[in-house]
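The data block below is final.cif; it holds mmCIF, C-alpha atoms.
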```cif
data_final
#
loop_
_atom_site.label_atom_id
_atom_site.label_comp_id
_atom_site.auth_asym_id
_atom_site.auth_seq_id
_atom_site.Cartn_x
_atom_site.Cartn_y
_atom_site.Cartn_z
CA MET A 1 -87.24 177.44 -17.47
CA THR A 2 -89.11 179.45 -20.09
CA THR A 3 -90.82 177.54 -22.86
CA GLU A 4 -92.44 178.89 -25.99
CA THR A 5 -96.14 178.06 -25.80
CA THR A 6 -99.24 178.47 -27.91
CA SER A 7 -102.72 178.65 -26.42
CA LEU A 8 -105.61 176.58 -27.68
CA PRO A 9 -108.36 178.27 -29.70
CA GLY A 10 -111.14 176.82 -27.61
CA PRO A 11 -114.35 178.42 -26.32
CA THR A 12 -114.77 179.84 -22.83
CA ALA A 13 -117.51 180.41 -20.27
CA SER A 14 -117.88 183.93 -18.85
CA LEU A 15 -117.90 184.07 -15.05
CA PRO A 16 -119.31 186.80 -12.77
CA GLY A 17 -115.87 187.98 -11.68
CA GLY A 18 -115.02 188.91 -15.25
CA GLY A 19 -112.86 185.90 -16.01
CA GLU A 20 -113.17 183.59 -18.99
CA MET A 21 -113.05 179.89 -18.07
CA PRO A 22 -111.78 177.69 -20.92
CA LEU A 23 -114.25 174.88 -21.58
CA LEU A 24 -111.36 172.43 -21.88
CA GLY A 25 -108.88 172.04 -19.04
CA LEU A 26 -106.51 169.54 -17.49
CA GLY A 27 -107.66 167.62 -14.43
CA THR A 28 -105.02 166.51 -11.91
CA TRP A 29 -106.90 164.13 -9.62
CA GLN A 30 -104.59 161.21 -8.71
CA SER A 31 -101.65 162.97 -10.39
CA GLU A 32 -98.78 162.96 -7.94
CA GLY A 33 -95.22 164.23 -7.61
CA ASP A 34 -93.15 164.59 -10.74
CA ASP A 35 -95.91 162.96 -12.81
CA CYS A 36 -98.20 165.85 -11.91
CA TYR A 37 -95.51 168.44 -12.57
CA ARG A 38 -94.65 166.97 -15.97
CA SER A 39 -98.29 166.57 -17.02
CA VAL A 40 -99.18 170.18 -16.15
CA LEU A 41 -96.03 171.49 -17.82
CA HIS A 42 -96.75 169.47 -20.97
CA ALA A 43 -100.37 170.62 -20.99
CA LEU A 44 -99.31 174.27 -20.79
CA GLU A 45 -96.77 173.71 -23.57
CA ALA A 46 -99.51 172.03 -25.63
CA GLY A 47 -101.72 175.09 -25.27
CA TYR A 48 -103.97 174.32 -22.30
CA ARG A 49 -104.86 177.41 -20.33
CA HIS A 50 -107.01 175.84 -17.63
CA ILE A 51 -105.60 173.69 -14.82
CA ASP A 52 -107.77 172.09 -12.12
CA THR A 53 -106.37 170.96 -8.78
CA ALA A 54 -107.57 170.64 -5.18
CA THR A 55 -106.22 170.73 -1.65
CA GLY A 56 -107.27 167.12 -1.30
CA TYR A 57 -105.18 166.05 -4.29
CA GLY A 58 -101.96 166.87 -2.46
CA ASN A 59 -100.35 168.23 -5.62
CA GLU A 60 -100.82 171.99 -5.49
CA ASP A 61 -97.08 172.45 -5.05
CA GLN A 62 -96.37 170.49 -8.23
CA VAL A 63 -99.00 172.43 -10.15
CA GLY A 64 -97.41 175.64 -8.88
CA ARG A 65 -93.97 174.44 -9.91
CA ALA A 66 -95.17 173.77 -13.45
CA LEU A 67 -96.98 177.11 -13.66
CA ALA A 68 -93.85 178.94 -12.59
CA GLU A 69 -91.59 177.11 -15.04
CA SER A 70 -93.94 177.16 -18.02
CA GLY A 71 -93.31 180.75 -19.00
CA VAL A 72 -97.06 181.28 -19.47
CA PRO A 73 -98.12 184.70 -18.14
CA ARG A 74 -100.33 184.47 -15.06
CA ASP A 75 -103.19 186.32 -16.74
CA GLU A 76 -103.33 183.71 -19.49
CA VAL A 77 -103.94 180.62 -17.35
CA PHE A 78 -107.11 179.79 -15.43
CA VAL A 79 -106.38 177.97 -12.16
CA THR A 80 -108.96 176.21 -9.98
CA THR A 81 -108.46 174.68 -6.57
CA LYS A 82 -110.93 173.26 -4.05
CA MET A 83 -111.39 173.12 -0.29
CA PRO A 84 -112.07 169.74 1.40
CA PRO A 85 -115.43 169.76 3.21
CA ASP A 86 -113.88 168.76 6.54
CA GLU A 87 -111.73 171.90 6.41
CA ALA A 88 -114.75 174.21 6.26
CA PRO A 89 -114.12 175.73 9.73
CA ARG A 90 -110.63 176.73 8.55
CA ALA A 91 -111.60 177.74 5.02
CA ARG A 92 -109.53 180.91 4.78
CA GLU A 93 -106.44 179.24 6.22
CA VAL A 94 -106.83 176.47 3.66
CA LEU A 95 -106.99 178.97 0.81
CA SER A 96 -103.93 180.85 2.07
CA ARG A 97 -102.00 177.57 2.19
CA SER A 98 -103.19 176.68 -1.31
CA LEU A 99 -102.03 180.04 -2.65
CA ASP A 100 -98.63 179.55 -1.03
CA LEU A 101 -98.25 176.09 -2.57
CA LEU A 102 -99.41 177.28 -5.98
CA GLY A 103 -97.18 180.34 -5.81
CA LEU A 104 -100.10 182.60 -6.71
CA ASP A 105 -101.67 185.75 -5.29
CA PHE A 106 -105.14 184.51 -6.24
CA VAL A 107 -106.91 181.61 -7.93
CA ASP A 108 -109.36 182.12 -10.74
CA LEU A 109 -111.85 179.76 -9.12
CA TRP A 110 -112.14 178.33 -5.60
CA LEU A 111 -114.66 175.57 -5.01
CA VAL A 112 -116.22 173.84 -2.02
CA HIS A 113 -115.15 170.32 -2.98
CA TRP A 114 -118.18 168.54 -1.47
CA PRO A 115 -121.12 169.79 0.60
CA PRO A 116 -119.74 169.88 4.18
CA GLY A 117 -121.48 167.17 6.17
CA GLY A 118 -123.73 166.65 3.17
CA GLU A 119 -125.27 170.10 3.72
CA ALA A 120 -125.17 173.24 1.58
CA SER A 121 -123.46 175.09 4.48
CA PRO A 122 -124.30 178.78 3.97
CA GLN A 123 -121.73 179.70 6.63
CA THR A 124 -118.98 178.14 4.52
CA TRP A 125 -120.28 180.00 1.48
CA GLU A 126 -119.88 183.29 3.36
CA HIS A 127 -116.15 182.53 3.78
CA PHE A 128 -115.91 181.95 0.03
CA LEU A 129 -117.66 185.21 -0.79
CA ALA A 130 -115.33 187.01 1.60
CA ALA A 131 -112.29 185.50 -0.14
CA ARG A 132 -113.64 186.74 -3.44
CA SER A 133 -114.22 190.22 -2.01
CA GLU A 134 -110.62 190.24 -0.79
CA ARG A 135 -109.42 189.13 -4.25
CA GLN A 136 -107.91 185.86 -3.14
CA ALA A 137 -110.27 184.18 -5.59
CA ARG A 138 -111.60 185.82 -8.71
CA ASP A 139 -114.70 183.61 -8.63
CA VAL A 140 -116.09 181.06 -6.20
CA GLY A 141 -118.29 178.04 -6.63
CA VAL A 142 -119.08 174.53 -5.49
CA SER A 143 -118.64 170.93 -6.48
CA ASN A 144 -121.06 168.01 -6.19
CA TYR A 145 -123.99 170.23 -5.15
CA SER A 146 -127.62 169.57 -6.05
CA THR A 147 -129.85 172.32 -7.40
CA ALA A 148 -131.65 172.39 -4.03
CA GLN A 149 -128.32 173.07 -2.32
CA LEU A 150 -127.51 175.77 -4.85
CA ASP A 151 -130.83 177.40 -4.04
CA GLU A 152 -130.08 177.30 -0.33
CA LEU A 153 -126.88 179.27 -0.92
CA VAL A 154 -128.74 181.79 -3.07
CA ARG A 155 -131.42 182.24 -0.39
CA SER A 156 -128.82 182.81 2.31
CA SER A 157 -126.53 185.18 0.43
CA GLY A 158 -128.33 186.44 -2.66
CA GLU A 159 -125.50 185.05 -4.78
CA ALA A 160 -125.30 181.84 -6.77
CA PRO A 161 -122.04 179.92 -7.14
CA ALA A 162 -120.29 180.74 -10.40
CA VAL A 163 -119.69 177.03 -11.10
CA ASP A 164 -120.95 173.63 -9.98
CA GLN A 165 -118.40 170.92 -10.77
CA VAL A 166 -120.07 167.51 -11.03
CA PRO A 167 -119.47 164.11 -12.65
CA TRP A 168 -120.47 164.38 -16.32
CA ALA A 169 -120.40 162.00 -19.25
CA PRO A 170 -122.80 160.86 -21.98
CA ALA A 171 -124.23 158.19 -19.68
CA LEU A 172 -124.79 160.83 -16.97
CA HIS A 173 -126.30 163.49 -19.23
CA ASP A 174 -129.14 165.27 -17.46
CA GLN A 175 -130.60 168.08 -19.54
CA GLY A 176 -132.90 169.08 -16.69
CA PHE A 177 -129.96 169.66 -14.35
CA LEU A 178 -128.09 171.54 -17.06
CA ASP A 179 -131.07 173.79 -17.74
CA ALA A 180 -131.70 174.37 -14.02
CA CYS A 181 -128.09 175.45 -13.45
CA ARG A 182 -128.21 177.81 -16.40
CA GLN A 183 -131.44 179.36 -15.15
CA ARG A 184 -129.54 180.15 -11.95
CA GLY A 185 -126.53 181.52 -13.80
CA VAL A 186 -124.34 178.59 -12.74
CA VAL A 187 -121.80 177.13 -15.16
CA VAL A 188 -121.71 173.32 -15.19
CA GLU A 189 -118.24 171.80 -15.13
CA GLY A 190 -117.89 168.06 -15.68
CA TYR A 191 -115.22 165.79 -14.28
CA SER A 192 -114.32 162.14 -15.01
CA PRO A 193 -115.65 162.26 -18.60
CA PHE A 194 -114.36 158.77 -19.44
CA LYS A 195 -114.88 156.97 -16.13
CA LYS A 196 -118.60 156.39 -16.72
CA THR A 197 -118.30 156.08 -20.50
CA ASP A 198 -118.26 152.87 -22.53
CA LEU A 199 -115.73 153.98 -25.10
CA GLY A 200 -116.55 150.91 -27.18
CA ASP A 201 -120.18 151.94 -27.59
CA PRO A 202 -121.27 151.65 -31.24
CA VAL A 203 -122.66 155.19 -31.30
CA LEU A 204 -119.35 156.69 -30.21
CA ALA A 205 -117.45 154.44 -32.57
CA GLU A 206 -119.62 155.42 -35.54
CA VAL A 207 -119.45 159.15 -34.82
CA ALA A 208 -115.69 158.90 -34.30
CA GLN A 209 -115.26 157.12 -37.62
CA VAL A 210 -117.25 159.80 -39.48
CA HIS A 211 -114.92 162.52 -38.18
CA GLY A 212 -111.69 160.54 -38.22
CA VAL A 213 -111.19 160.95 -34.47
CA THR A 214 -111.26 158.74 -31.37
CA PRO A 215 -114.27 157.99 -29.15
CA GLN A 216 -112.52 159.94 -26.37
CA GLN A 217 -112.35 162.99 -28.62
CA VAL A 218 -116.04 162.59 -29.47
CA VAL A 219 -116.89 162.58 -25.75
CA LEU A 220 -114.88 165.74 -25.15
CA ARG A 221 -116.34 167.48 -28.19
CA TRP A 222 -119.83 166.50 -27.00
CA HIS A 223 -119.16 168.39 -23.75
CA LEU A 224 -118.12 171.45 -25.72
CA GLU A 225 -121.22 171.27 -27.93
CA HIS A 226 -123.31 171.46 -24.75
CA GLY A 227 -121.20 174.30 -23.32
CA VAL A 228 -120.15 172.10 -20.41
CA VAL A 229 -116.63 172.62 -19.07
CA VAL A 230 -114.60 169.37 -19.14
CA ILE A 231 -111.31 168.55 -17.41
CA PRO A 232 -109.94 165.17 -18.61
CA LYS A 233 -107.08 163.91 -16.49
CA SER A 234 -103.98 162.27 -17.87
CA VAL A 235 -100.26 162.10 -17.11
CA THR A 236 -99.45 160.70 -20.56
CA PRO A 237 -98.15 163.39 -22.92
CA GLU A 238 -99.69 161.81 -26.01
CA ARG A 239 -103.13 161.61 -24.39
CA ILE A 240 -102.92 165.14 -23.06
CA THR A 241 -102.15 166.35 -26.58
CA ALA A 242 -104.88 164.18 -28.15
CA ASN A 243 -107.46 165.40 -25.63
CA ALA A 244 -106.78 168.96 -26.77
CA ASP A 245 -107.26 168.09 -30.44
CA VAL A 246 -111.03 168.61 -30.42
CA PHE A 247 -111.36 171.99 -32.10
CA GLY A 248 -110.94 170.88 -35.70
CA PHE A 249 -114.34 169.20 -35.94
CA SER A 250 -117.85 169.62 -34.58
CA LEU A 251 -120.81 167.33 -33.98
CA SER A 252 -124.05 167.81 -35.86
CA PRO A 253 -127.24 168.33 -33.83
CA ASP A 254 -128.24 164.76 -34.70
CA GLU A 255 -124.91 163.40 -33.50
CA VAL A 256 -125.26 165.33 -30.25
CA ARG A 257 -128.73 163.86 -29.74
CA ARG A 258 -127.44 160.36 -30.40
CA VAL A 259 -124.67 160.76 -27.82
CA ASP A 260 -127.22 162.28 -25.41
CA GLY A 261 -129.22 159.09 -25.88
CA LEU A 262 -126.49 157.04 -24.21
CA ALA A 263 -127.89 158.31 -20.90
CA ALA A 264 -131.02 156.28 -21.49
CA ALA A 265 -129.23 153.17 -22.79
#
```
C-alpha cells encoding of this file:
Amino acid sequence: MTTETTSLPGPTASLPGGGEMPLLGLGTWQSEGDDCYRSVLHALEAGYRHIDTATGYGNEDQVGRALAESGVPRDEVFVTTKMPPDEAPRAREVLSRSLDLLGLDFVDLWLVHWPPGGEASPQTWEHFLAARSERQARDVGVSNYSTAQLDELVRSSGEAPAVDQVPWAPALHDQGFLDACRQRGVVVEGYSPFKKTDLGDPVLAEVAQVHGVTPQQVVLRWHLEHGVVVIPKSVTPERITANADVFGFSLSPDEVRRVDGLAAA
C-alpha cells in the first residue's frame, strides 16, 4: 500500500554519523501486534519521520510492516532500535535479527537499552562501534546511562555515544545532566514524557490556556524548547495527531522557566 504523506516541519538534532534526528518521534513501548502496526502507519501518514522501537518490545516486525507499507522513502524516516542488556554477548546477532524484522539494511540509531549488569560495559560498546563501522547502524548510543558511565565509554574508546535516551519530563528536569551531556556531545532523548507528569498541574493548565493547546502539547513543546528529543507513545490516532501539533506555537523563556520549576515542586 502506498499512501500520500507529508512530513512534519519540526526541528532536528545533528548526529555524528551525518543523520538528522527529528526532535519529535513516535514511541512504541507496549504497542503490540496490529495496534503497533496501525499506530506507526498512522504516525507516518500524519507526518512523523522518527520511529522508536526496541528488541525488547517484541514489535520490530510490526514497525517494519508499517514502514514498508507507508510509502515513505527510507531516507526520510529515522528508525531507532535497542539491544536488551542481557543480549550483550550476542549483540551483533541481535542487530542482524532486528534488521531482518524491520526489513531494513541499517538503522539510523542503535542503543544499548540499559547498562548491562548495571555497568557501562566498554566491551559491548566496541560491538556497537563495529556495527556503525560496518554501516548496520548510522549512529550508536545508549539508554539509561549516567554521565559517569558515558565517561567510562569515552575513556575506553575515545568516542561518546551519539544519544543517551533517559526518562524525561518537567518533574524530572535536570539542567545539570542536560548540560553535562551537551558538553560531551551527547544528545539527550527523553521517554515517557507524560508518565511522571501531573497533567492537571496549574502551571501547565495556565500555559496551555494562553496558547489554546492541551497540557500534553505544552509538555512536548517544552521538550522541544530545550532541544530534548521526545518520543510520546500512543496507539490512538487522534492522540498521535495531537502530539504532532506542537509546531504552531512556542513557549516564552518565562514559560519555560515556570515549567522547569515543576521539578522542584
- [ ] Write out as a VMD selection string the residues lying within 10 Å of Gly185 of chain A, counting all atoms listed in the file and excluding same-chain residues fewer than 2 positions away.
- [x] chain A and resid 15 to 16 159 to 163 179 to 183 187 to 188
Residues from the last selection, C-alpha atoms, saved as a compact mmCIF listing (two decimals), in the coordinates of the input:
```
# COMPACT_ATOMS: atom_id res chain seq x y z
CA LEU A 15 -117.90 184.07 -15.05
CA PRO A 16 -119.31 186.80 -12.77
CA GLU A 159 -125.50 185.05 -4.78
CA ALA A 160 -125.30 181.84 -6.77
CA PRO A 161 -122.04 179.92 -7.14
CA ALA A 162 -120.29 180.74 -10.40
CA VAL A 163 -119.69 177.03 -11.10
CA ASP A 179 -131.07 173.79 -17.74
CA ALA A 180 -131.70 174.37 -14.02
CA CYS A 181 -128.09 175.45 -13.45
CA ARG A 182 -128.21 177.81 -16.40
CA GLN A 183 -131.44 179.36 -15.15
CA VAL A 187 -121.80 177.13 -15.16
CA VAL A 188 -121.71 173.32 -15.19
```
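Ranking A:Pro11, A:Gly25, A:Gly18, A:Pro253 by their shortest atom-to-atom distance to Leu44 of chain A, with all atoms listed in the file included, puts A:Gly25 first.
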Residues in the PyMOL selection byres ((chain A and resi 59) around 9), expressed as a PyMOL selection string: chain A and resi 28-33+36-37+53-58+60-64+101
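With the shown file loaded, the PyMOL selection byres ((chain A and resi 51) around 6) picks out Gly25, Leu26, His50, Asp52 and Val79 of chain A.
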Can you tell me, as an NGL selection string, which residues sit within 6 Å of (-116.3, 176.6, -17.2) in the file's frame, using all atoms listed in the file? :A and (13 or 21-23 or 187 or 189 or 229)
Do you know which residues are at most 9 Å from Arg38 of chain A counting all atoms listed in the file, after dropping those on the same chain fewer than 6 positions away, and could you put them as a PDB file with C-alpha atoms, in the frame of the given file?
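The new file around_35.pdb reads:
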```pdb
ATOM      1  CA  GLN A  62     -96.370 170.490  -8.230  1.00  0.00           C
ATOM      2  CA  ALA A  66     -95.170 173.770 -13.450  1.00  0.00           C
ATOM      3  CA  VAL A 235    -100.260 162.100 -17.110  1.00  0.00           C
ATOM      4  CA  PRO A 237     -98.150 163.390 -22.920  1.00  0.00           C
TER       5      PRO A 237
END
```
A straight line from atom CA of Val72 of chain A to atom CA of Asp164 of chain A spans 26.8 Å
Test item: the PyMOL selection byres ((chain A and resi 250) around 9) resolved as a PDB file with C-alpha atoms, in the coordinates of the input:
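part08.pdb, written as the output of this step:
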```
ATOM      1  CA  HIS A 211    -114.920 162.520 -38.180  1.00  0.00           C
ATOM      2  CA  VAL A 218    -116.040 162.590 -29.470  1.00  0.00           C
ATOM      3  CA  ARG A 221    -116.340 167.480 -28.190  1.00  0.00           C
ATOM      4  CA  TRP A 222    -119.830 166.500 -27.000  1.00  0.00           C
ATOM      5  CA  GLU A 225    -121.220 171.270 -27.930  1.00  0.00           C
ATOM      6  CA  VAL A 246    -111.030 168.610 -30.420  1.00  0.00           C
ATOM      7  CA  PHE A 247    -111.360 171.990 -32.100  1.00  0.00           C
ATOM      8  CA  GLY A 248    -110.940 170.880 -35.700  1.00  0.00           C
ATOM      9  CA  PHE A 249    -114.340 169.200 -35.940  1.00  0.00           C
ATOM     10  CA  LEU A 251    -120.810 167.330 -33.980  1.00  0.00           C
ATOM     11  CA  SER A 252    -124.050 167.810 -35.860  1.00  0.00           C
TER      12      SER A 252
END
```
Please enclose the listed atoms of segment 100-114 of chain A in an axis-aligned box, pad each side by 6 Å, and write out the centre and the three edge lengths in Å, rounded to one decimal, as lines of an AutoDock Vina configuration file.
```
center_x = -107.7
center_y = 177.1
center_z = -5.9
size_x = 33.0
size_y = 29.2
size_z = 21.7
```
Pairwise distance, atom CA of Arg138 of chain A with atom CA of Thr6 of chain A, equals 24.0 Å
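The space separating atom CA of Leu199 of chain A from atom CA of Leu111 of chain A comes to 29.5 Å.
Of the listed residues A:Asp260, A:Phe106, A:Asp100, A:Pro115, the one whose atoms come nearest to Ser133 of chain A is A:Phe106, with distances taken using only C-alpha atoms.
When only C-alpha atoms are used to compute distances to Gly190 of chain A, the closest of the residues A:Ala148, A:Ala169, A:Ala43, A:Val256 turns out to be A:Ala169.
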- Message: I want to know what sits within 9 Å of Pro167 of chain A, based on only C-alpha atoms, with residues of the same chain fewer than 2 positions away left out; could you give that as a PyMOL selection string?
- Response: chain A and resi 144+165+169+172+189-193+196
